[in-house]
$ cat entry34.cif   # mmCIF, C-alpha atoms
data_my_file
loop_
_atom_site.label_atom_id
_atom_site.label_comp_id
_atom_site.auth_asym_id
_atom_site.auth_seq_id
_atom_site.Cartn_x
_atom_site.Cartn_y
_atom_site.Cartn_z
CA MET A 1 -11.49 -8.92 29.87
CA LYS A 2 -12.53 -5.32 30.05
CA ARG A 3 -16.18 -4.60 29.60
CA VAL A 4 -17.06 -1.91 27.15
CA SER A 5 -20.52 -1.09 25.99
CA TRP A 6 -21.48 -1.13 22.36
CA ALA A 7 -23.94 1.59 23.33
CA ALA A 8 -20.94 3.78 24.07
CA LEU A 9 -20.32 3.87 20.39
CA ALA A 10 -23.88 4.92 19.65
CA VAL A 11 -23.51 7.88 21.93
CA LEU A 12 -20.09 8.63 20.59
CA LEU A 13 -21.40 8.80 17.05
CA CYS A 14 -24.15 11.18 18.00
CA ILE A 15 -22.31 13.45 20.41
CA SER A 16 -18.84 13.59 18.95
CA PRO A 17 -17.67 16.95 17.58
CA ALA A 18 -18.96 16.07 14.10
CA TRP A 19 -16.31 18.12 12.37
CA GLY A 20 -17.77 20.73 10.17
CA GLN A 21 -21.21 20.88 11.72
CA ASP A 22 -20.46 24.22 13.33
CA ALA A 23 -18.36 25.51 10.49
CA PRO A 24 -19.18 29.05 9.36
CA PRO A 25 -19.44 29.87 5.67
CA VAL A 26 -16.10 30.34 3.99
CA ASP A 27 -15.26 33.87 2.98
CA GLN A 28 -14.41 33.17 -0.61
CA PRO A 29 -16.88 32.00 -3.25
CA ILE A 30 -16.94 28.30 -3.88
CA HIS A 31 -18.30 26.22 -6.65
CA HIS A 32 -21.13 24.71 -4.70
CA THR A 33 -23.15 25.28 -1.61
CA GLU A 34 -21.78 25.08 1.89
CA ALA A 35 -22.73 21.83 3.50
CA ALA A 36 -25.83 22.26 5.55
CA PRO A 37 -25.26 21.74 9.25
CA ALA A 38 -26.29 18.26 10.19
CA LYS A 39 -28.63 18.14 13.14
CA GLY A 40 -30.05 15.26 15.09
CA GLU A 41 -29.30 11.62 15.32
CA ALA A 42 -29.94 10.66 11.71
CA ASP A 43 -27.73 13.35 10.27
CA SER A 44 -25.03 12.65 12.80
CA PHE A 45 -24.86 9.05 11.66
CA ALA A 46 -24.64 10.13 8.04
CA ASN A 47 -22.08 12.75 8.96
CA HIS A 48 -19.64 10.03 9.96
CA ASP A 49 -20.46 7.79 7.02
CA HIS A 50 -17.43 8.75 4.95
CA ASP A 51 -18.29 6.63 1.93
CA ALA A 52 -22.05 7.16 2.24
CA ASP A 53 -22.78 3.44 2.12
CA GLY A 54 -25.21 3.49 5.04
CA PHE A 55 -22.81 1.85 7.48
CA ILE A 56 -20.08 2.95 9.83
CA GLN A 57 -16.89 0.98 9.24
CA TRP A 58 -14.09 0.77 11.74
CA GLU A 59 -12.00 3.00 9.50
CA GLU A 60 -14.62 5.73 9.87
CA MET A 61 -14.80 5.23 13.62
CA ARG A 62 -11.03 5.29 13.97
CA ASN A 63 -10.66 8.54 12.06
CA VAL A 64 -13.34 10.19 14.20
CA MET A 65 -11.58 9.17 17.40
CA VAL A 66 -8.10 10.15 16.24
CA LYS A 67 -9.25 13.61 15.18
CA ALA A 68 -11.07 14.12 18.48
CA PHE A 69 -8.00 13.12 20.43
CA HIS A 70 -5.63 15.37 18.49
CA ASP A 71 -7.96 18.36 18.76
CA ALA A 72 -8.21 17.99 22.53
CA ASP A 73 -4.48 17.48 23.02
CA HIS A 74 -3.66 21.20 23.15
CA ASP A 75 -0.04 20.85 24.23
CA HIS A 76 0.63 18.05 21.72
CA SER A 77 2.02 15.88 24.47
CA GLY A 78 0.45 12.73 23.15
CA TRP A 79 -1.65 12.41 26.30
CA LEU A 80 -4.76 14.08 27.60
CA ALA A 81 -4.36 15.44 31.08
CA GLY A 82 -5.79 18.09 33.35
CA ASP A 83 -8.17 20.48 31.64
CA GLU A 84 -7.75 18.80 28.31
CA LEU A 85 -10.37 16.28 29.28
CA LYS A 86 -12.84 16.88 32.08
CA ILE A 87 -14.07 13.47 33.14
CA ASP A 88 -14.44 11.85 36.52
CA ALA A 89 -12.13 9.24 37.99
CA ALA A 90 -14.30 6.29 37.05
CA GLN A 91 -14.48 7.35 33.44
CA ARG A 92 -10.77 7.97 33.34
CA ALA A 93 -10.10 4.56 34.84
CA ALA A 94 -12.22 2.88 32.19
CA ILE A 95 -9.96 4.24 29.48
CA ASP A 96 -6.63 4.21 31.33
CA VAL A 97 -6.04 0.53 30.85
CA ASN A 98 -2.38 0.48 31.82
CA LYS A 99 -3.13 2.57 34.94
CA ASP A 100 -0.27 4.98 34.37
CA GLY A 101 -2.49 7.97 35.03
CA LYS A 102 -2.21 9.25 31.48
CA LEU A 103 -4.72 8.82 28.68
CA SER A 104 -3.05 7.99 25.41
CA GLN A 105 -4.47 7.87 21.93
CA ARG A 106 -3.92 4.15 21.86
CA GLU A 107 -6.06 3.74 24.94
CA PHE A 108 -8.82 5.79 23.34
CA ILE A 109 -8.62 3.74 20.18
CA ALA A 110 -8.69 0.49 22.14
CA TYR A 111 -11.75 1.73 24.00
CA ALA A 112 -13.47 2.63 20.74
CA ALA A 113 -12.48 -0.65 19.11
CA ALA A 114 -13.96 -2.66 21.95
CA ALA A 115 -17.18 -0.65 21.79
CA PHE A 116 -17.26 -1.12 18.05
CA GLY A 117 -16.84 -4.87 18.40
CA GLN A 118 -19.70 -5.15 20.84
CA ALA A 119 -21.96 -2.93 18.76
CA ASP A 120 -21.37 -5.07 15.71
CA VAL A 121 -23.84 -7.77 16.69
CA ASP A 122 -24.01 -9.43 13.25
CA ALA A 123 -20.20 -9.52 13.07
CA ASP A 124 -19.97 -8.03 9.60
CA GLU A 125 -17.37 -5.50 10.76
CA LYS A 126 -19.58 -2.51 10.07
CA LEU A 127 -22.36 -0.85 12.01
CA SER A 128 -25.80 -0.33 10.62
CA ARG A 129 -27.84 2.59 11.85
CA ALA A 130 -29.74 0.20 14.10
CA GLU A 131 -26.58 -1.24 15.61
CA ALA A 132 -25.06 2.17 16.19
CA THR A 133 -28.11 3.73 17.80
CA ALA A 134 -29.92 0.86 19.49
CA ASP A 135 -29.41 1.97 23.05
CA LEU A 136 -29.20 5.67 22.42
CA ASP A 137 -32.59 6.56 23.82
CA VAL A 138 -31.84 4.68 27.03
CA ALA A 139 -28.49 6.39 27.32
CA LYS A 140 -29.99 9.82 26.79
CA GLU A 141 -32.56 9.20 29.51
CA LYS A 142 -29.83 8.10 31.86
CA ALA A 143 -27.80 11.20 31.09
CA LYS A 144 -30.59 13.60 32.09
CA MET B 145 13.92 -36.93 -3.43
CA LYS B 146 13.01 -34.04 -5.68
CA ILE B 147 9.45 -34.11 -4.39
CA ALA B 148 10.67 -34.06 -0.83
CA THR B 149 12.93 -31.12 -1.60
CA VAL B 150 10.12 -29.17 -3.20
CA ALA B 151 7.87 -29.95 -0.25
CA LEU B 152 10.52 -28.73 2.13
CA LEU B 153 11.00 -25.58 0.13
CA LEU B 154 7.28 -24.96 0.08
CA ALA B 155 7.02 -25.57 3.79
CA ALA B 156 9.92 -23.21 4.39
CA SER B 157 8.30 -20.63 2.17
CA VAL B 158 5.02 -20.79 4.07
CA SER B 159 6.84 -20.73 7.35
CA THR B 160 8.95 -17.76 6.27
CA SER B 161 5.88 -15.93 5.03
CA ALA B 162 4.08 -16.43 8.31
CA ALA B 163 7.13 -15.37 10.25
CA LEU B 164 7.48 -12.13 8.31
CA ALA B 165 4.63 -10.39 10.09
CA GLU B 166 6.03 -7.05 11.11
CA ASN B 167 5.02 -3.47 11.62
CA VAL B 168 5.99 -0.76 9.16
CA THR B 169 5.58 2.94 9.85
CA CYS B 170 4.88 4.94 6.74
CA ALA B 171 4.36 8.70 6.73
CA SER B 172 3.31 11.34 4.23
CA ASP B 173 4.22 14.97 4.85
CA GLY B 174 1.81 17.49 3.47
CA HIS B 175 0.31 16.73 0.09
CA ASP B 176 2.92 14.25 -1.01
CA HIS B 177 2.66 10.58 -1.66
CA HIS B 178 5.27 8.53 0.13
CA TYR B 179 6.15 4.95 -0.68
CA CYS B 180 7.46 2.39 1.80
CA TYR B 181 8.84 -0.81 0.38
CA ALA B 182 7.51 -3.88 2.17
CA ASP B 183 6.61 -7.50 1.62
CA THR B 184 2.88 -7.19 1.05
CA ARG B 185 2.20 -10.69 -0.24
CA ASP B 186 0.01 -11.55 2.72
CA GLY B 187 -1.80 -8.24 2.77
CA VAL B 188 -1.53 -5.08 4.82
CA VAL B 189 -3.65 -3.80 7.68
CA LEU B 190 -3.49 -0.43 9.41
CA VAL B 191 -2.95 -1.00 13.12
CA ASP B 192 -2.19 2.47 14.49
CA GLN B 193 -3.09 5.80 12.90
CA LEU B 194 -0.57 8.41 14.04
CA SER B 195 -1.76 11.47 12.13
CA ARG B 196 -4.72 13.70 12.66
CA ALA B 197 -4.91 13.80 8.89
CA GLY B 198 -7.17 11.00 7.79
CA CYS B 199 -5.93 7.61 6.70
CA TRP B 200 -8.50 6.24 4.28
CA LYS B 201 -7.80 3.02 2.46
CA GLY B 202 -7.79 3.51 -1.30
CA ASP B 203 -7.78 7.28 -0.88
CA THR B 204 -4.82 8.30 1.26
CA TRP B 205 -3.20 4.92 1.81
CA GLY B 206 -2.96 1.65 -0.02
CA TYR B 207 -0.51 -0.94 -1.16
CA ASP B 208 0.67 -2.86 -4.18
CA ASN B 209 2.96 -5.82 -4.63
CA ARG B 210 6.06 -3.79 -3.76
CA GLY B 211 5.00 -1.81 -0.76
CA ILE B 212 2.70 0.65 0.98
CA TRP B 213 1.87 4.19 -0.11
CA VAL B 214 0.48 7.00 2.00
CA ALA B 215 -0.66 10.48 0.97
CA ASN B 216 -2.05 13.80 2.14
CA GLY B 217 -0.54 13.69 5.61
CA CYS B 218 -1.50 10.14 6.55
CA ARG B 219 0.99 8.63 9.01
CA ALA B 220 0.37 5.18 10.37
CA VAL B 221 1.78 1.89 11.53
CA PHE B 222 0.92 -0.96 9.19
CA ARG B 223 1.17 -4.68 9.79
CA VAL B 224 2.41 -6.69 6.87
CA GLY B 225 2.36 -10.45 6.70
CA GLY B 226 -0.34 -10.67 9.33
CA TYR B 227 -3.97 -11.61 9.21
CA GLY B 228 -7.36 -10.25 10.05
CA SER B 229 -9.09 -6.94 9.68
CA ASP B 230 -7.97 -3.41 10.50
CA TRP B 231 -10.37 -3.44 13.42
CA ALA B 232 -9.12 -6.70 14.92
CA ASN B 233 -5.52 -5.68 14.49
CA SER B 234 -6.13 -2.20 15.87
CA MET B 235 -7.66 -3.69 18.96
CA HIS B 236 -4.80 -6.09 19.42
CA HIS B 237 -2.10 -3.53 18.67
CA ASN B 238 -3.51 -0.84 20.93
CA GLY B 239 -4.02 -3.36 23.71
CA GLY B 240 -6.04 -3.14 26.82
CA TYR B 241 -9.16 -4.96 25.79
CA ASP B 242 -7.64 -8.06 24.33
CA THR B 243 -5.96 -10.46 26.69
CA SER B 244 -5.38 -13.21 24.16
CA PRO B 245 -1.69 -13.37 23.27
CA ASN B 246 -2.43 -15.25 20.07
CA TRP B 247 -5.25 -13.14 18.78
CA ARG B 248 -4.17 -12.43 15.26
CA ASP B 249 -6.88 -13.51 12.88
CA ASP B 250 -10.61 -13.33 12.39
CA ARG B 251 -11.25 -16.73 13.97
CA ASP B 252 -10.01 -15.29 17.25
CA VAL B 253 -12.31 -12.35 16.77
CA ASP B 254 -15.22 -14.76 16.39
CA ARG B 255 -14.21 -16.53 19.58
CA TRP B 256 -14.08 -13.18 21.35
CA ARG B 257 -17.56 -12.34 20.13
CA ASP B 258 -18.86 -15.67 21.44
CA ASP B 259 -17.21 -15.21 24.81
CA GLU B 260 -19.88 -14.14 27.26
CA SER B 261 -17.42 -12.95 29.87
CA HIS B 262 -16.82 -9.54 28.32
CA LYS B 263 -20.42 -8.76 27.53
CA ALA B 264 -21.88 -6.06 29.68
CA THR B 265 -25.15 -6.14 31.52
CA HIS B 266 -27.82 -3.66 30.55
CA ASN B 267 -26.95 -1.31 33.40
CA GLU B 268 -23.29 -1.50 32.53
CA LYS B 269 -24.09 -0.70 28.92
CA VAL B 270 -26.00 2.37 29.92
CA GLY B 271 -23.29 3.40 32.35
CA ALA B 272 -20.59 3.04 29.74
CA ALA B 273 -22.68 4.85 27.18
CA VAL B 274 -23.15 7.81 29.47
CA GLY B 275 -19.47 7.72 30.32
CA ALA B 276 -18.55 7.78 26.66
CA ALA B 277 -20.95 10.65 26.07
CA VAL B 278 -19.29 12.68 28.79
CA ILE B 279 -15.85 11.85 27.51
CA ILE B 280 -16.56 12.69 23.92
CA GLY B 281 -18.47 15.79 24.93
CA ALA B 282 -15.46 16.88 26.96
CA LEU B 283 -13.22 16.25 23.98
CA ALA B 284 -15.45 18.37 21.79
CA ALA B 285 -15.59 21.17 24.35
CA ALA B 286 -11.85 21.13 24.77
CA ALA B 287 -11.26 21.27 21.04
CA LYS B 288 -13.80 24.08 20.65
CA HIS B 289 -12.16 26.06 23.45
CA GLU B 290 -8.84 25.78 21.69
CA ASP B 291 -10.38 26.93 18.43
CA ASP B 292 -11.93 29.96 20.15
CA HIS B 293 -8.59 30.79 21.68
CA HIS B 294 -6.94 30.85 18.28
CA ASP B 295 -9.63 32.56 16.27
CA HIS B 296 -12.11 34.78 18.07
CA GLN B 297 -13.48 36.13 14.85
CA SER B 298 -14.90 32.91 13.50
CA GLY B 299 -15.00 30.97 16.73
CA TYR B 300 -13.91 27.96 14.77
CA ARG B 301 -10.42 27.38 13.55
CA GLY B 302 -10.43 25.70 10.20
CA ARG B 303 -12.55 22.71 9.26
CA ASP B 304 -14.92 24.54 7.03
CA VAL B 305 -16.96 22.11 5.04
CA VAL B 306 -17.08 22.64 1.31
CA THR B 307 -19.04 20.66 -1.24
CA CYS B 308 -17.36 20.26 -4.60
CA GLU B 309 -18.91 18.31 -7.43
CA SER B 310 -17.85 16.97 -10.79
CA THR B 311 -20.70 16.03 -13.06
CA GLY B 312 -18.72 14.27 -15.74
CA ARG B 313 -15.18 13.50 -16.75
CA ASP B 314 -14.25 17.16 -16.74
CA HIS B 315 -12.52 18.63 -13.75
CA THR B 316 -14.29 21.21 -11.65
CA TYR B 317 -12.32 23.68 -9.56
CA CYS B 318 -13.83 25.03 -6.36
CA SER B 319 -12.04 28.19 -5.29
CA LEU B 320 -11.18 28.83 -1.66
CA GLY B 321 -9.56 31.74 0.11
CA SER B 322 -6.74 29.55 1.32
CA ALA B 323 -6.30 25.93 2.18
CA ARG B 324 -3.52 24.37 4.21
CA HIS B 325 -5.03 20.93 4.36
CA VAL B 326 -8.08 19.43 2.68
CA GLU B 327 -9.55 16.07 3.48
CA LEU B 328 -12.47 14.22 2.02
CA LYS B 329 -15.23 14.24 4.62
CA ARG B 330 -18.00 12.40 2.85
CA GLN B 331 -18.31 11.04 -0.64
CA LEU B 332 -21.63 11.92 -2.27
CA SER B 333 -21.18 10.25 -5.63
CA ARG B 334 -21.28 6.65 -6.70
CA ALA B 335 -18.09 7.35 -8.60
CA SER B 336 -15.01 6.84 -6.47
CA CYS B 337 -13.21 9.86 -5.06
CA GLN B 338 -9.52 9.08 -4.83
CA TYR B 339 -6.89 11.56 -3.78
CA ASN B 340 -4.74 12.87 -6.64
CA ARG B 341 -6.77 10.86 -9.14
CA SER B 342 -10.29 12.19 -8.97
CA TRP B 343 -9.78 14.93 -6.42
CA GLY B 344 -7.00 17.08 -5.10
CA TYR B 345 -6.22 20.59 -3.96
CA ASP B 346 -3.76 23.41 -3.95
CA ARG B 347 -3.46 26.50 -1.76
CA HIS B 348 -6.41 28.18 -3.43
CA GLY B 349 -8.98 25.51 -4.04
CA ILE B 350 -10.15 21.96 -4.59
CA TRP B 351 -10.50 20.13 -7.90
CA VAL B 352 -12.71 17.13 -8.57
CA GLY B 353 -13.11 15.00 -11.68
CA ASP B 354 -14.37 11.69 -13.05
CA GLY B 355 -17.76 12.15 -11.45
CA CYS B 356 -16.44 12.59 -7.92
CA ARG B 357 -18.82 14.60 -5.76
CA ALA B 358 -17.96 15.08 -2.10
CA GLU B 359 -17.90 17.21 1.00
CA PHE B 360 -14.44 18.24 2.12
CA TRP B 361 -12.96 19.47 5.38
CA VAL B 362 -10.82 22.54 4.78
CA ASP B 363 -8.22 23.69 7.30
#
$ encode --input "entry34.cif" --output "structure tokens"
Amino acid sequence: MKRVSWAALAVLLCISPAWGQDAPPVDQPIHHTEAAPAKGEADSFANHDHDADGFIQWEEMRNVMVKAFHDADHDHSGWLAGDELKIDAAQRAAIDVNKDGKLSQREFIAYAAAAFGQADVDADEKLSRAEATADLDVAKEKAK
Amino acid sequence: MKIATVALLLAASVSTSAALAENVTCASDGHDHHYCYADTRDGVVLVDQLSRAGCWKGDTWGYDNRGIWVANGCRAVFRVGGYGSDWANSMHHNGGYDTSPNWRDDRDVDRWRDDESHKATHNEKVGAAVGAAVIIGALAAAAKHEDDHHDHQSGYRGRDVVTCESTGRDHTYCSLGSARHVELKRQLSRASCQYNRSWGYDRHGIWVGDGCRAEFWVD
């Protein structure tokens, strides 16, 4: 059985592109204010909480991952290769489960699903803020 | 004799129902709803999202007793007649991390959770976390580079975030310059926001109603 860290998900939630965070104001007038850019860990969690219930469900995680994959797949090949994803061999190997040398969306989703499962320590199929961020500080220290 | 016949028919029915587990691909192009007839008696789970456009249960996909509907660009593979959650089925369908050939319901998920063999040590957790950070960071950088390439002026192609709020039953229209695709990013209201019922859009703006308040991605 592959080993995937639940902490991977915590980092993913806080470092993922967070669609919209960098969005400039729209040119045309709108009814209400532009969403304020979300900064920091707390806002990043909320930014992915689609239904604002205080938890991250798998559906929310899956949509984040799928969007990230499609945005990086510049040539729309269905795989990420070359400059589309700059990671080292060990990282690539962790995702490339079938060892075909190509990283597919399904492999990314499987990686995320495994991380999600391990993060969900109370097995309620959703991640609380504590579950999603428990090891984040440790991971950040390691990344320095 | 009659009882035996009924029992056999019931057994056959259960057996048939269990054997009907199959995958159905259902796709919406653009704004439209699309309906895919399927045997949904035993429920439906989404096992593989194919579209970048979001697939949100109750908003851009769902099912009734005749089949599955998808909307607003959602394309996905659905499992009908199976068991378990979207998460468990996604993991099984996408493969790689599940080596159990019979993993198809939540009891198997529980067994997986109890299995110590896949649980990482602390160092491995940290290592994987850092690895994921690098990977996702690289994804973000790659996507941003592509956006810059396409639109030097804004430095960000699409995905503006717009908040649009309905305070009562009346519809509110939030004007935009142009909108190719709009997706609900985050619901802010207690009232449900459901595509084409309490929110929707056209080329020039977003409408909300029935108390729906939400942030939207605009491409």
$ closest_residue --input "entry34.cif" --among "B:Gln338, B:Asn216, B:Ser195, B:Ser229" --to "Asp124 in chain A" --atoms "all atoms listed in the file"
B:Ser229
$ closest_residue --input "entry34.cif" --among "B:Gly217, B:Gly321, B:Gly211, B:Gly225" --to "chain A" --atoms "only C-alpha atoms"
B:Gly321
$ resolve_selection --input "entry34.cif" --expression "the PyMOL selection byres ((chain A and resi 51) around 10)" --output "MDAnalysis selection string"
(chainID A and resid 46 48:50 52:57 60) or (chainID B and resid 328:334 336:337 358)
$ resolve_selection --input "entry34.cif" --expression "the PyMOL selection byres ((chain B and resi 327) around 6)" --output "count of residues only"
4
$ closest_residue --input "entry34.cif" --among "B:Met235, B:Ala215, B:Ala335, B:Ala165" --to "Asp354 in chain B" --atoms "only C-alpha atoms"
B:Ala335
$ atom_distance --input "entry34.cif" --atom1 "CA of His177 in chain B" --atom2 "CA of Trp213 in chain B"
6.6 Å
$ atom_distance --input "entry34.cif" --atom1 "CA of Gly174 in chain B" --atom2 "CA of Leu85 in chain A"
28.6 Å
$ closest_residue --input "entry34.cif" --among "A:Ala93, A:Met61, A:Ala68, A:Leu80" --to "chain B" --atoms "all atoms listed in the file"
A:Ala68
$ residues_near_point --input "entry34.cif" --point "(-3.3, 24.2, -3.7)" --cutoff "10 Å" --atoms "only C-alpha atoms" --output "ChimeraX atom specification"
/B:175,319-320,322-326,344-351
$ resolve_selection --input "entry34.cif" --expression "the PyMOL selection byres ((chain A and resi 128) around 10)" --output "PyMOL selection string"
chain A and resi 45+53-57+119-122+124-127+129-134
$ write_last_selection --input "entry34.cif" --atoms "C-alpha atoms" --output "short mmCIF file (atom, residue, chain, number, x, y, z; two decimals), in the frame of the given file"
data_model
loop_
_atom_site.label_atom_id
_atom_site.label_comp_id
_atom_site.auth_asym_id
_atom_site.auth_seq_id
_atom_site.Cartn_x
_atom_site.Cartn_y
_atom_site.Cartn_z
CA PHE A 45 -24.86 9.05 11.66
CA ASP A 53 -22.78 3.44 2.12
CA GLY A 54 -25.21 3.49 5.04
CA PHE A 55 -22.81 1.85 7.48
CA ILE A 56 -20.08 2.95 9.83
CA GLN A 57 -16.89 0.98 9.24
CA ALA A 119 -21.96 -2.93 18.76
CA ASP A 120 -21.37 -5.07 15.71
CA VAL A 121 -23.84 -7.77 16.69
CA ASP A 122 -24.01 -9.43 13.25
CA ASP A 124 -19.97 -8.03 9.60
CA GLU A 125 -17.37 -5.50 10.76
CA LYS A 126 -19.58 -2.51 10.07
CA LEU A 127 -22.36 -0.85 12.01
CA ARG A 129 -27.84 2.59 11.85
CA ALA A 130 -29.74 0.20 14.10
CA GLU A 131 -26.58 -1.24 15.61
CA ALA A 132 -25.06 2.17 16.19
CA THR A 133 -28.11 3.73 17.80
CA ALA A 134 -29.92 0.86 19.49
#
$ atom_distance --input "entry34.cif" --atom1 "CA of Asp176 in chain B" --atom2 "CA of Val221 in chain B"
17.6 Å
$ residues_near_point --input "entry34.cif" --point "(5.5, 5.2, 4.7)" --cutoff "8 Å" --atoms "all atoms listed in the file" --output "VMD selection string"
chain B and resid 168 to 172 178 to 180 212 to 214 219 to 220
